[in-house]
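For reference, model-v2.txt is printed below; it contains compact mmCIF, C-alpha atoms.
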# COMPACT_ATOMS: atom_id res chain seq x y z
CA MET A 122 11.57 31.69 -16.65
CA ALA A 123 10.23 33.25 -13.45
CA ASN A 124 11.30 36.70 -14.65
CA GLU A 125 9.08 36.34 -17.70
CA GLU A 126 6.03 36.28 -15.43
CA PRO A 127 6.50 39.41 -13.33
CA ALA A 128 2.77 39.62 -12.57
CA LYS A 129 3.03 36.41 -10.60
CA ARG A 130 5.65 37.68 -8.17
CA ARG A 131 7.09 40.78 -6.63
CA GLY A 132 10.77 41.67 -6.43
CA ARG A 133 12.94 39.15 -4.65
CA GLY A 134 13.61 40.02 -1.02
CA ARG A 135 10.51 42.16 -0.59
CA ARG A 136 8.09 39.28 -0.08
CA PRO A 137 7.28 38.30 3.50
CA SER A 138 8.87 35.02 4.52
CA ASP A 139 5.55 33.22 4.89
CA GLU A 140 4.48 34.25 1.40
CA VAL A 141 7.73 32.96 -0.10
CA ARG A 142 7.23 29.69 1.74
CA GLN A 143 3.68 29.31 0.36
CA GLU A 144 4.84 30.08 -3.17
CA ILE A 145 7.60 27.50 -2.93
CA LEU A 146 5.13 24.90 -1.66
CA ALA A 147 2.65 25.70 -4.44
CA ALA A 148 5.38 25.48 -7.08
CA ALA A 149 6.61 22.18 -5.65
CA GLY A 150 3.11 20.66 -5.62
CA ASP A 151 2.37 21.87 -9.16
CA LEU A 152 5.65 20.54 -10.52
CA LEU A 153 5.21 17.18 -8.80
CA LEU A 154 1.66 16.68 -10.09
CA ARG A 155 2.58 17.84 -13.59
CA GLU A 156 5.81 15.95 -14.14
CA GLY A 157 6.13 13.33 -11.40
CA MET A 158 9.02 12.65 -9.04
CA ALA A 159 11.44 11.60 -11.79
CA ALA A 160 11.50 15.17 -13.15
CA PHE A 161 11.26 16.90 -9.77
CA THR A 162 14.32 18.97 -8.78
CA ILE A 163 14.88 21.69 -6.20
CA GLU A 164 16.39 23.85 -8.95
CA LYS A 165 13.15 23.74 -11.00
CA VAL A 166 11.07 24.60 -7.94
CA ALA A 167 13.41 27.50 -7.16
CA THR A 168 12.99 28.87 -10.70
CA LEU A 169 9.21 28.45 -10.68
CA ALA A 170 8.85 30.13 -7.29
CA GLY A 171 11.40 32.86 -7.94
CA ALA A 172 13.33 31.82 -4.84
CA SER A 173 16.93 30.79 -4.28
CA ARG A 174 17.95 27.21 -3.67
CA MET A 175 19.50 28.38 -0.40
CA THR A 176 16.10 29.65 0.76
CA ILE A 177 14.55 26.29 -0.07
CA TYR A 178 17.24 24.32 1.78
CA LYS A 179 16.70 26.57 4.80
CA TRP A 180 13.20 25.11 5.20
CA TRP A 181 13.41 21.66 3.56
CA PRO A 182 16.45 19.41 4.03
CA SER A 183 15.91 17.35 0.86
CA LYS A 184 14.07 16.99 -2.41
CA GLY A 185 11.74 14.38 -0.88
CA ALA A 186 10.83 16.62 2.05
CA LEU A 187 9.95 19.48 -0.33
CA ALA A 188 8.01 17.20 -2.70
CA PHE A 189 5.74 15.72 -0.01
CA ASP A 190 5.22 19.04 1.74
CA GLY A 191 4.29 20.62 -1.59
CA TYR A 192 1.98 17.73 -2.41
CA ARG A 193 0.27 18.05 0.98
CA ALA A 194 -0.14 21.82 0.61
CA THR A 195 -1.56 21.41 -2.91
CA VAL A 196 -4.09 18.68 -2.11
CA GLU A 197 -5.05 20.09 1.32
CA PRO A 198 -7.95 22.23 0.02
CA THR A 199 -9.34 19.25 -1.92
CA LEU A 200 -8.86 16.88 0.98
CA ALA A 201 -10.24 18.93 3.85
CA PHE A 202 -11.77 16.89 6.67
CA PRO A 203 -15.30 18.20 7.16
CA ASP A 204 -16.74 18.01 10.67
CA THR A 205 -20.45 18.80 10.36
CA GLY A 206 -21.44 16.62 13.28
CA ASP A 207 -22.59 13.72 11.06
CA LEU A 208 -19.74 11.21 11.08
CA THR A 209 -21.09 9.02 8.27
CA ALA A 210 -21.64 11.95 5.93
CA ASP A 211 -18.29 13.52 6.79
CA LEU A 212 -16.34 10.31 6.15
CA ARG A 213 -18.15 9.79 2.83
CA THR A 214 -17.49 13.36 1.71
CA GLN A 215 -13.81 13.14 2.55
CA LEU A 216 -13.32 9.70 1.00
CA HIS A 217 -15.14 10.67 -2.20
CA ALA A 218 -12.78 13.63 -2.61
CA PHE A 219 -9.80 11.38 -1.84
CA VAL A 220 -10.84 8.69 -4.34
CA ARG A 221 -11.52 11.30 -7.04
CA LEU A 222 -8.14 12.91 -6.47
CA LEU A 223 -6.40 9.52 -6.81
CA THR A 224 -8.38 8.33 -9.83
CA GLU A 225 -9.21 11.49 -11.80
CA THR A 226 -5.99 13.50 -11.45
CA PRO A 227 -2.26 12.70 -11.78
CA ALA A 228 -2.10 12.59 -7.96
CA GLY A 229 -2.91 8.87 -7.88
CA ARG A 230 -0.02 7.85 -10.14
CA VAL A 231 2.33 10.29 -8.39
CA MET A 232 1.47 8.99 -4.91
CA ALA A 233 1.73 5.36 -6.05
CA GLU A 234 5.19 6.00 -7.48
CA LEU A 235 6.33 7.96 -4.43
CA ILE A 236 5.14 5.29 -1.99
CA GLY A 237 6.78 2.74 -4.27
CA GLN A 238 10.10 4.57 -4.35
CA ALA A 239 9.94 5.12 -0.57
CA GLN A 240 10.27 1.34 -0.07
CA THR A 241 13.91 1.44 -1.13
CA ASP A 242 14.76 5.09 -0.27
CA PRO A 243 14.86 5.66 3.53
CA GLU A 244 15.12 9.45 3.20
CA LEU A 245 12.08 9.60 0.92
CA ARG A 246 10.21 7.30 3.33
CA ALA A 247 10.99 9.60 6.26
CA SER A 248 9.77 12.61 4.25
CA LEU A 249 6.57 10.81 3.21
CA LEU A 250 5.76 9.97 6.82
CA GLU A 251 6.70 13.33 8.32
CA HIS A 252 5.23 15.63 5.69
CA TYR A 253 2.21 13.67 4.51
CA THR A 254 1.15 10.43 6.20
CA VAL A 255 1.42 11.50 9.84
CA PRO A 256 -0.30 14.93 9.53
CA ARG A 257 -3.09 13.53 7.30
CA ARG A 258 -3.61 10.57 9.65
CA GLU A 259 -3.79 12.91 12.62
CA ARG A 260 -6.47 15.08 10.97
CA ALA A 261 -8.60 12.02 10.21
CA ALA A 262 -8.20 10.65 13.74
CA GLU A 263 -9.17 14.04 15.20
CA VAL A 264 -12.50 14.01 13.33
CA MET A 265 -13.19 10.55 14.78
CA ARG A 266 -12.19 11.55 18.30
CA ARG A 267 -14.75 14.36 18.14
CA ALA A 268 -17.34 11.82 16.95
CA GLN A 269 -16.43 9.71 20.00
CA GLU A 270 -17.00 12.76 22.24
CA ARG A 271 -20.42 13.24 20.63
CA GLY A 272 -21.21 9.57 21.32
CA GLN A 273 -21.36 8.61 17.61
CA MET A 274 -18.44 6.22 17.73
CA ARG A 275 -17.58 3.55 20.30
CA ALA A 276 -15.14 4.96 22.88
CA ASP A 277 -13.11 1.72 22.83
CA ALA A 278 -12.54 1.79 19.04
CA ASP A 279 -9.11 3.14 18.05
CA PRO A 280 -9.46 5.92 15.44
CA GLN A 281 -5.96 5.10 14.16
CA VAL A 282 -7.11 1.59 13.20
CA VAL A 283 -10.13 3.01 11.39
CA VAL A 284 -7.77 5.23 9.36
CA ASP A 285 -6.11 2.08 7.99
CA GLN A 286 -9.53 0.54 7.25
CA LEU A 287 -10.71 3.56 5.24
CA TRP A 288 -7.79 5.44 3.64
CA GLY A 289 -5.43 2.46 3.92
CA ALA A 290 -7.96 0.27 2.11
CA CYS A 291 -8.05 2.85 -0.72
CA TYR A 292 -4.25 2.85 -0.94
CA HIS A 293 -4.40 -0.95 -1.19
CA ARG A 294 -6.56 -0.71 -4.33
CA LEU A 295 -4.30 2.06 -5.67
CA LEU A 296 -1.10 0.04 -5.20
CA THR A 297 -2.34 -3.48 -6.06
CA PRO A 298 -5.07 -2.55 -8.51
CA ASP A 299 -6.92 -5.82 -9.08
CA HIS A 300 -10.25 -4.31 -7.96
CA PRO A 301 -11.55 -0.83 -8.83
CA LEU A 302 -11.08 2.21 -6.61
CA THR A 303 -14.44 4.01 -6.81
CA VAL A 304 -16.73 6.18 -4.70
CA GLU A 305 -19.04 3.16 -4.33
CA PHE A 306 -16.09 1.28 -2.80
CA ALA A 307 -15.54 4.23 -0.45
CA ASP A 308 -19.20 4.11 0.63
CA ALA A 309 -18.93 0.37 1.28
CA LEU A 310 -15.80 0.95 3.40
CA VAL A 311 -17.62 3.49 5.56
CA ASP A 312 -20.71 1.31 5.86
CA ASN A 313 -18.72 -1.79 6.83
CA VAL A 314 -16.58 -0.10 9.44
CA LEU A 315 -19.43 1.84 11.05
CA ARG A 316 -22.15 -0.85 11.05
CA GLY A 317 -19.96 -3.96 11.03
CA VAL A 318 -20.42 -6.87 8.64
CA ALA A 319 -21.36 -9.54 11.20
CA ALA A 320 -24.90 -10.86 10.79
CA MET B 263 26.51 -25.87 -8.22
CA ALA B 264 23.53 -28.18 -8.53
CA ASN B 265 25.76 -31.06 -9.52
CA GLU B 266 27.62 -30.74 -6.24
CA GLU B 267 24.48 -31.65 -4.35
CA PRO B 268 23.43 -34.92 -5.97
CA ALA B 269 21.44 -36.00 -2.90
CA LYS B 270 19.05 -33.11 -3.41
CA ARG B 271 18.00 -34.09 -6.93
CA ARG B 272 17.74 -36.99 -9.23
CA GLY B 273 19.09 -37.15 -12.76
CA ARG B 274 17.80 -34.48 -15.08
CA GLY B 275 14.92 -35.66 -17.25
CA ARG B 276 13.81 -38.44 -14.93
CA ARG B 277 11.81 -36.24 -12.57
CA PRO B 278 8.09 -35.96 -13.23
CA SER B 279 7.10 -32.59 -14.63
CA ASP B 280 5.05 -31.63 -11.57
CA GLU B 281 7.96 -32.37 -9.27
CA VAL B 282 10.31 -30.21 -11.33
CA ARG B 283 7.76 -27.40 -11.22
CA GLN B 284 7.50 -27.63 -7.42
CA GLU B 285 11.28 -27.63 -7.04
CA ILE B 286 11.61 -24.56 -9.23
CA LEU B 287 8.92 -22.77 -7.22
CA ALA B 288 10.58 -23.69 -3.92
CA ALA B 289 13.98 -22.53 -5.19
CA ALA B 290 12.48 -19.27 -6.44
CA GLY B 291 10.74 -18.58 -3.11
CA ASP B 292 13.85 -19.41 -1.10
CA LEU B 293 16.09 -17.23 -3.25
CA LEU B 294 13.66 -14.31 -3.14
CA LEU B 295 13.26 -14.40 0.65
CA ARG B 296 16.99 -14.86 1.19
CA GLU B 297 18.38 -12.25 -1.19
CA GLY B 298 15.51 -10.03 -2.30
CA MET B 299 14.42 -9.08 -5.81
CA ALA B 300 17.62 -7.17 -6.63
CA ALA B 301 19.62 -10.41 -6.57
CA PHE B 302 16.88 -12.59 -8.07
CA THR B 303 17.67 -14.08 -11.49
CA ILE B 304 16.17 -16.94 -13.51
CA GLU B 305 19.68 -18.32 -13.95
CA LYS B 306 20.20 -18.63 -10.18
CA VAL B 307 16.82 -20.34 -9.75
CA ALA B 308 17.68 -22.74 -12.58
CA THR B 309 20.96 -23.66 -10.88
CA LEU B 310 19.34 -24.08 -7.45
CA ALA B 311 16.53 -26.25 -8.82
CA GLY B 312 18.72 -28.24 -11.20
CA ALA B 313 16.52 -27.26 -14.11
CA SER B 314 17.23 -25.57 -17.42
CA ARG B 315 16.33 -21.95 -18.10
CA MET B 316 14.29 -23.21 -21.05
CA THR B 317 12.17 -25.34 -18.70
CA ILE B 318 11.56 -22.31 -16.51
CA TYR B 319 10.57 -20.07 -19.42
CA LYS B 320 8.14 -22.78 -20.56
CA TRP B 321 6.07 -22.15 -17.42
CA TRP B 322 6.88 -18.56 -16.41
CA PRO B 323 7.19 -15.79 -19.01
CA SER B 324 9.35 -13.48 -16.88
CA LYS B 325 11.46 -13.08 -13.77
CA GLY B 326 8.61 -11.28 -12.01
CA ALA B 327 6.13 -14.04 -12.76
CA LEU B 328 8.50 -16.66 -11.34
CA ALA B 329 9.34 -14.56 -8.28
CA PHE B 330 5.71 -13.98 -7.22
CA ASP B 331 4.66 -17.55 -7.97
CA GLY B 332 7.60 -18.82 -5.91
CA TYR B 333 6.77 -16.41 -3.11
CA ARG B 334 3.14 -17.55 -3.10
CA ALA B 335 4.12 -21.24 -3.08
CA THR B 336 6.59 -20.66 -0.24
CA VAL B 337 4.28 -18.67 2.03
CA GLU B 338 1.14 -20.70 1.21
CA PRO B 339 1.59 -23.22 4.07
CA THR B 340 2.10 -20.36 6.56
CA LEU B 341 -0.80 -18.36 5.19
CA ALA B 342 -3.48 -21.03 4.89
CA PHE B 343 -7.05 -19.76 5.30
CA PRO B 344 -8.63 -21.84 8.06
CA ASP B 345 -12.38 -22.45 7.84
CA THR B 346 -13.42 -23.96 11.17
CA GLY B 347 -16.89 -22.45 11.08
CA ASP B 348 -16.01 -19.59 13.46
CA LEU B 349 -15.41 -16.55 11.25
CA THR B 350 -13.92 -14.34 13.97
CA ALA B 351 -11.42 -16.97 15.09
CA ASP B 352 -10.52 -17.90 11.52
CA LEU B 353 -9.84 -14.29 10.49
CA ARG B 354 -7.74 -13.74 13.59
CA THR B 355 -5.70 -16.89 13.03
CA GLN B 356 -5.01 -16.01 9.41
CA LEU B 357 -4.18 -12.37 10.11
CA HIS B 358 -1.85 -13.25 13.00
CA ALA B 359 0.10 -15.57 10.68
CA PHE B 360 0.13 -12.86 7.99
CA VAL B 361 1.36 -10.14 10.37
CA ARG B 362 4.03 -12.43 11.80
CA LEU B 363 5.25 -13.36 8.32
CA LEU B 364 5.52 -9.67 7.38
CA THR B 365 7.16 -8.52 10.62
CA GLU B 366 9.26 -11.49 11.79
CA THR B 367 10.67 -12.80 8.49
CA PRO B 368 12.30 -11.18 5.43
CA ALA B 369 8.94 -11.56 3.64
CA GLY B 370 7.75 -8.14 4.82
CA ARG B 371 10.70 -6.24 3.38
CA VAL B 372 10.61 -8.34 0.18
CA MET B 373 6.89 -7.73 -0.38
CA ALA B 374 7.23 -4.00 0.37
CA GLU B 375 10.04 -3.70 -2.17
CA LEU B 376 8.19 -5.76 -4.78
CA ILE B 377 4.97 -3.76 -4.42
CA GLY B 378 7.13 -0.64 -4.54
CA GLN B 379 8.92 -1.69 -7.70
CA ALA B 380 5.62 -2.77 -9.28
CA GLN B 381 4.50 0.89 -9.28
CA THR B 382 6.93 1.71 -12.09
CA ASP B 383 7.27 -1.74 -13.70
CA PRO B 384 4.06 -2.80 -15.51
CA GLU B 385 5.27 -6.37 -16.11
CA LEU B 386 6.10 -6.84 -12.43
CA ARG B 387 2.72 -5.34 -11.51
CA ALA B 388 0.91 -7.80 -13.79
CA SER B 389 2.85 -10.70 -12.23
CA LEU B 390 2.10 -9.50 -8.70
CA LEU B 391 -1.62 -9.36 -9.43
CA GLU B 392 -1.84 -12.62 -11.37
CA HIS B 393 0.41 -14.79 -9.23
CA TYR B 394 -0.18 -13.37 -5.76
CA THR B 395 -2.81 -10.68 -5.11
CA VAL B 396 -5.70 -12.16 -7.08
CA PRO B 397 -5.40 -15.80 -5.87
CA ARG B 398 -4.82 -14.73 -2.23
CA ARG B 399 -7.75 -12.30 -2.40
CA GLU B 400 -9.97 -15.01 -3.85
CA ARG B 401 -9.13 -17.45 -1.04
CA ALA B 402 -9.97 -14.85 1.61
CA ALA B 403 -13.23 -13.91 -0.10
CA GLU B 404 -14.20 -17.60 -0.33
CA VAL B 405 -13.89 -18.03 3.46
CA MET B 406 -16.18 -15.02 3.91
CA ARG B 407 -18.71 -16.27 1.35
CA ARG B 408 -19.01 -19.50 3.32
CA ALA B 409 -19.54 -17.43 6.48
CA GLN B 410 -22.33 -15.61 4.64
CA GLU B 411 -23.91 -18.98 3.75
CA ARG B 412 -23.75 -19.96 7.44
CA GLY B 413 -25.45 -16.67 8.35
CA GLN B 414 -22.42 -15.26 10.22
CA MET B 415 -21.87 -12.33 7.89
CA ARG B 416 -24.38 -9.92 6.36
CA ALA B 417 -25.40 -11.12 2.88
CA ASP B 418 -25.22 -7.55 1.53
CA ALA B 419 -21.60 -6.98 2.65
CA ASP B 420 -19.06 -7.42 -0.15
CA PRO B 421 -16.28 -9.84 0.92
CA GLN B 422 -13.91 -8.12 -1.52
CA VAL B 423 -14.27 -4.83 0.38
CA VAL B 424 -13.55 -6.61 3.67
CA VAL B 425 -10.33 -7.98 2.15
CA ASP B 426 -9.12 -4.39 1.69
CA GLN B 427 -10.16 -3.53 5.27
CA LEU B 428 -8.21 -6.44 6.78
CA TRP B 429 -5.21 -7.41 4.64
CA GLY B 430 -5.14 -4.07 2.80
CA ALA B 431 -5.02 -2.25 6.14
CA CYS B 432 -1.99 -4.38 7.10
CA TYR B 433 -0.26 -3.53 3.81
CA HIS B 434 -0.91 0.14 4.57
CA ARG B 435 1.08 -0.14 7.82
CA LEU B 436 3.77 -2.15 6.03
CA LEU B 437 4.20 0.43 3.24
CA THR B 438 3.70 3.68 5.19
CA PRO B 439 5.00 2.53 8.57
CA ASP B 440 4.05 5.37 10.91
CA HIS B 441 2.04 3.05 13.19
CA PRO B 442 3.05 -0.46 14.26
CA LEU B 443 1.91 -3.61 12.44
CA THR B 444 1.11 -6.04 15.28
CA VAL B 445 -1.23 -8.93 16.11
CA GLU B 446 -3.12 -6.55 18.42
CA PHE B 447 -3.70 -4.30 15.40
CA ALA B 448 -4.94 -7.35 13.48
CA ASP B 449 -7.41 -8.16 16.27
CA ALA B 450 -8.68 -4.57 16.26
CA LEU B 451 -9.18 -4.75 12.48
CA VAL B 452 -11.30 -7.89 12.81
CA ASP B 453 -13.27 -6.48 15.72
CA ASN B 454 -13.99 -3.17 13.96
CA VAL B 455 -15.09 -4.71 10.69
CA LEU B 456 -17.27 -7.41 12.25
CA ARG B 457 -18.94 -5.37 15.05
CA GLY B 458 -18.70 -1.90 13.54
CA VAL B 459 -17.37 1.14 15.36
CA ALA B 460 -20.59 3.18 15.43
CA ALA B 461 -21.93 3.77 18.95
Take the structure in this file and express it as structure tokens.
Amino acid sequence: MANEEPAKRRGRGRRPSDEVRQEILAAAGDLLLREGMAAFTIEKVATLAGASRMTIYKWWPSKGALAFDGYRATVEPTLAFPDTGDLTADLRTQLHAFVRLLTETPAGRVMAELIGQAQTDPELRASLLEHYTVPRRERAAEVMRRAQERGQMRADADPQVVVDQLWGACYHRLLTPDHPLTVEFADALVDNVLRGVAA
Amino acid sequence: MANEEPAKRRGRGRRPSDEVRQEILAAAGDLLLREGMAAFTIEKVATLAGASRMTIYKWWPSKGALAFDGYRATVEPTLAFPDTGDLTADLRTQLHAFVRLLTETPAGRVMAELIGQAQTDPELRASLLEHYTVPRRERAAEVMRRAQERGQMRADADPQVVVDQLWGACYHRLLTPDHPLTVEFADALVDNVLRGVAA
């Protein structure tokens, strides 16, 4: 398959290591979003990326590790964390992109199924945390820590808790979908957690 | 099995319908928390409750429906929603009980696995929503609506969004456990959402 698309790759062995790594990640993310975890195999990723399975195992110890790292790499551009200096606007922008990714692309169903499967698969759970949850959480917390330094957020509020009250609240509506996951919901999340709901 | 424990039940057919229903629910909840969903069958519940499978199917269309309804009935006393007139104290009390149930009893692992399985099992998902998520969500929202009537919570804040920012945030730490689910976390959730984190 990969040899039928020579324009998409150069001869094996001539590509710099970092380029090979990026192509593997892109192939993994594409395959995961197109076909879901049930159809995801290291062999398919190897074929799509024009790399050997041995190369893949050198960098990723398991299918789950590769899947989540590919997912993260693929959604990263969509899910950038802006830091314009306006915390409210930045949180809204990021959450809108996040909600749209989950509701308007296959990413929502894929993530729901992966989080679901991770509940009974310890290796997949470890991959999810290491390659997706922890780095994404850290990026979000970093934006809030800078807002604290600018005096826009209370110094005694824990950014990690706010992560659960914004992105975690969205995952709640993704996983137990009795109420709609919308950009209006995202705006209400930001408003509640910044202003507080007490009268 | 049931016939070996005559003290625990009266003769079949003599029990009032509501009592039979309660015994089935209790048996279902006990079995689920003791052995998890993998070992949960309608036949076992029937034996434990001294009821026929036909009686069970009269009230619950599927295994999932019975499991979630039994779970709800079993945890209901632990997870009551107090309404003393002090919204902050009431939310803390309820969330502490909720966090302790999820972290100190098998309920946390059972719920994580059920929510997980519900991502690829539409019938289980429908049962989860109908028999657990929706009624629990409604009880929480009702407590907040009364707080709004007392003037303790902004009238323009949507109680349903706050549900996702309190209980949904706890589920986030249950399902993607990279940060600890504790009563201190629960207190921070309540504080953030009531006071707001903006400086």
Quick one: which chain B residues come within 8 Å of chain A, and what is the nearest atom pair for each with the distance in Å to one decimal, counting only C-alpha atoms, rows ordered by chain and ascending number, as a Markdown table?
| residue | atom | partner | partner_atom | distance |
| --- | --- | --- | --- | --- |
| B:Ala374 | CA | A:Gln240 | CA | 6.2 |
| B:Glu375 | CA | A:Gln240 | CA | 5.5 |
| B:Ile377 | CA | A:Gly237 | CA | 6.7 |
| B:Gly378 | CA | A:Gly237 | CA | 3.4 |
| B:Gln379 | CA | A:Gly237 | CA | 6.0 |
| B:Ala380 | CA | A:Gly237 | CA | 7.5 |
| B:Gln381 | CA | A:Glu234 | CA | 5.5 |
| B:Thr382 | CA | A:Glu234 | CA | 6.5 |
| B:Arg387 | CA | A:Thr297 | CA | 7.7 |
| B:Leu390 | CA | A:Thr297 | CA | 7.9 |
| B:Leu391 | CA | A:Asp299 | CA | 6.4 |
| B:Thr395 | CA | A:Thr297 | CA | 7.3 |
| B:Val396 | CA | A:Asp299 | CA | 6.8 |
| B:Gly413 | CA | A:Ala320 | CA | 6.3 |
| B:Gln414 | CA | A:Ala320 | CA | 5.1 |
| B:Met415 | CA | A:Ala319 | CA | 4.4 |
| B:Arg416 | CA | A:Ala320 | CA | 4.6 |
| B:Ala417 | CA | A:Ala320 | CA | 7.9 |
| B:Ala419 | CA | A:Val318 | CA | 6.1 |
| B:Asp420 | CA | A:Ala309 | CA | 7.9 |
| B:Val423 | CA | A:Leu310 | CA | 6.7 |
| B:Val424 | CA | A:Asn313 | CA | 7.7 |
| B:Asp426 | CA | A:Ala290 | CA | 4.8 |
| B:Gln427 | CA | A:Gln286 | CA | 4.6 |
| B:Leu428 | CA | A:Gln286 | CA | 7.1 |
| B:Gly430 | CA | A:His293 | CA | 5.1 |
| B:Ala431 | CA | A:Asp285 | CA | 4.8 |
| B:Cys432 | CA | A:Asp285 | CA | 7.7 |
| B:Tyr433 | CA | A:His293 | CA | 7.0 |
| B:His434 | CA | A:Gly289 | CA | 5.1 |
| B:Arg435 | CA | A:Asp285 | CA | 7.5 |
| B:Leu437 | CA | A:Gln240 | CA | 7.0 |
| B:Thr438 | CA | A:Leu250 | CA | 6.8 |
| B:Pro439 | CA | A:Leu250 | CA | 7.7 |
| B:Asp440 | CA | A:Leu250 | CA | 6.4 |
| B:Phe447 | CA | A:Val282 | CA | 7.2 |
| B:Ala450 | CA | A:Val282 | CA | 7.1 |
| B:Leu451 | CA | A:Val282 | CA | 6.7 |
| B:Asn454 | CA | A:Val314 | CA | 6.0 |
| B:Val455 | CA | A:Gly317 | CA | 4.9 |
| B:Leu456 | CA | A:Gly317 | CA | 4.5 |
| B:Arg457 | CA | A:Gly317 | CA | 4.4 |
| B:Gly458 | CA | A:Gly317 | CA | 3.5 |
| B:Val459 | CA | A:Leu315 | CA | 4.8 |
| B:Ala460 | CA | A:Met274 | CA | 4.4 |
| B:Ala461 | CA | A:Met274 | CA | 4.4 |
Which residues come within 9 Å of Ala335 of chain B, counting all atoms listed in the file, excluding same-chain residues fewer than 4 positions away, as a compact mmCIF listing (two decimals) with C-alpha atoms, in the frame of the given file?
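What ended up in around.txt:
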# COMPACT_ATOMS: atom_id res chain seq x y z
CA GLN B 284 7.50 -27.63 -7.42
CA LEU B 287 8.92 -22.77 -7.22
CA ALA B 288 10.58 -23.69 -3.92
CA GLY B 291 10.74 -18.58 -3.11
CA PHE B 330 5.71 -13.98 -7.22
CA ASP B 331 4.66 -17.55 -7.97
CA PRO B 339 1.59 -23.22 4.07
> atom CA of Ile286 of chain B to atom CA of Phe302 of chain B: how many Å, to one decimal?
Replying inline: 13.1 Å
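The gap separating atom CA of Leu357 of chain B from atom CA of Gly298 of chain B is 23.4 Å, in Å to one decimal.
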> In Å, how far is it from atom CA of Ala172 of chain A to atom CA of Gly185 of chain A?
Replying inline: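 About the pair atom CA of Ala172 of chain A and atom CA of Gly185 of chain A: they are 18.0 Å apart.
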With C-alpha atoms as the atom set, please write segment 215-235 of chain A from the structure just given, as a JSON list (two decimals), in the first residue's frame.
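Output below, filename result_35.json:
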[["chain", "number", "residue", "atom", "x", "y", "z"],
["A", 215, "GLN", "CA", -10.06, 26.30, 23.74],
["A", 216, "LEU", "CA", -13.27, 24.73, 25.04],
["A", 217, "HIS", "CA", -15.19, 25.59, 21.87],
["A", 218, "ALA", "CA", -12.54, 23.80, 19.81],
["A", 219, "PHE", "CA", -12.61, 20.86, 22.23],
["A", 220, "VAL", "CA", -16.42, 20.54, 22.16],
["A", 221, "ARG", "CA", -16.48, 20.80, 18.35],
["A", 222, "LEU", "CA", -13.82, 18.13, 18.03],
["A", 223, "LEU", "CA", -15.81, 15.79, 20.30],
["A", 224, "THR", "CA", -19.21, 16.46, 18.72],
["A", 225, "GLU", "CA", -18.48, 17.19, 15.05],
["A", 226, "THR", "CA", -15.73, 14.67, 14.28],
["A", 227, "PRO", "CA", -15.20, 10.94, 14.99],
["A", 228, "ALA", "CA", -12.86, 11.98, 17.84],
["A", 229, "GLY", "CA", -15.72, 12.07, 20.36],
["A", 230, "ARG", "CA", -16.83, 8.49, 19.75],
["A", 231, "VAL", "CA", -13.20, 7.30, 19.60],
["A", 232, "MET", "CA", -12.27, 8.96, 22.89],
["A", 233, "ALA", "CA", -15.44, 7.69, 24.59],
["A", 234, "GLU", "CA", -14.67, 4.14, 23.51],
["A", 235, "LEU", "CA", -11.01, 4.40, 24.48]]
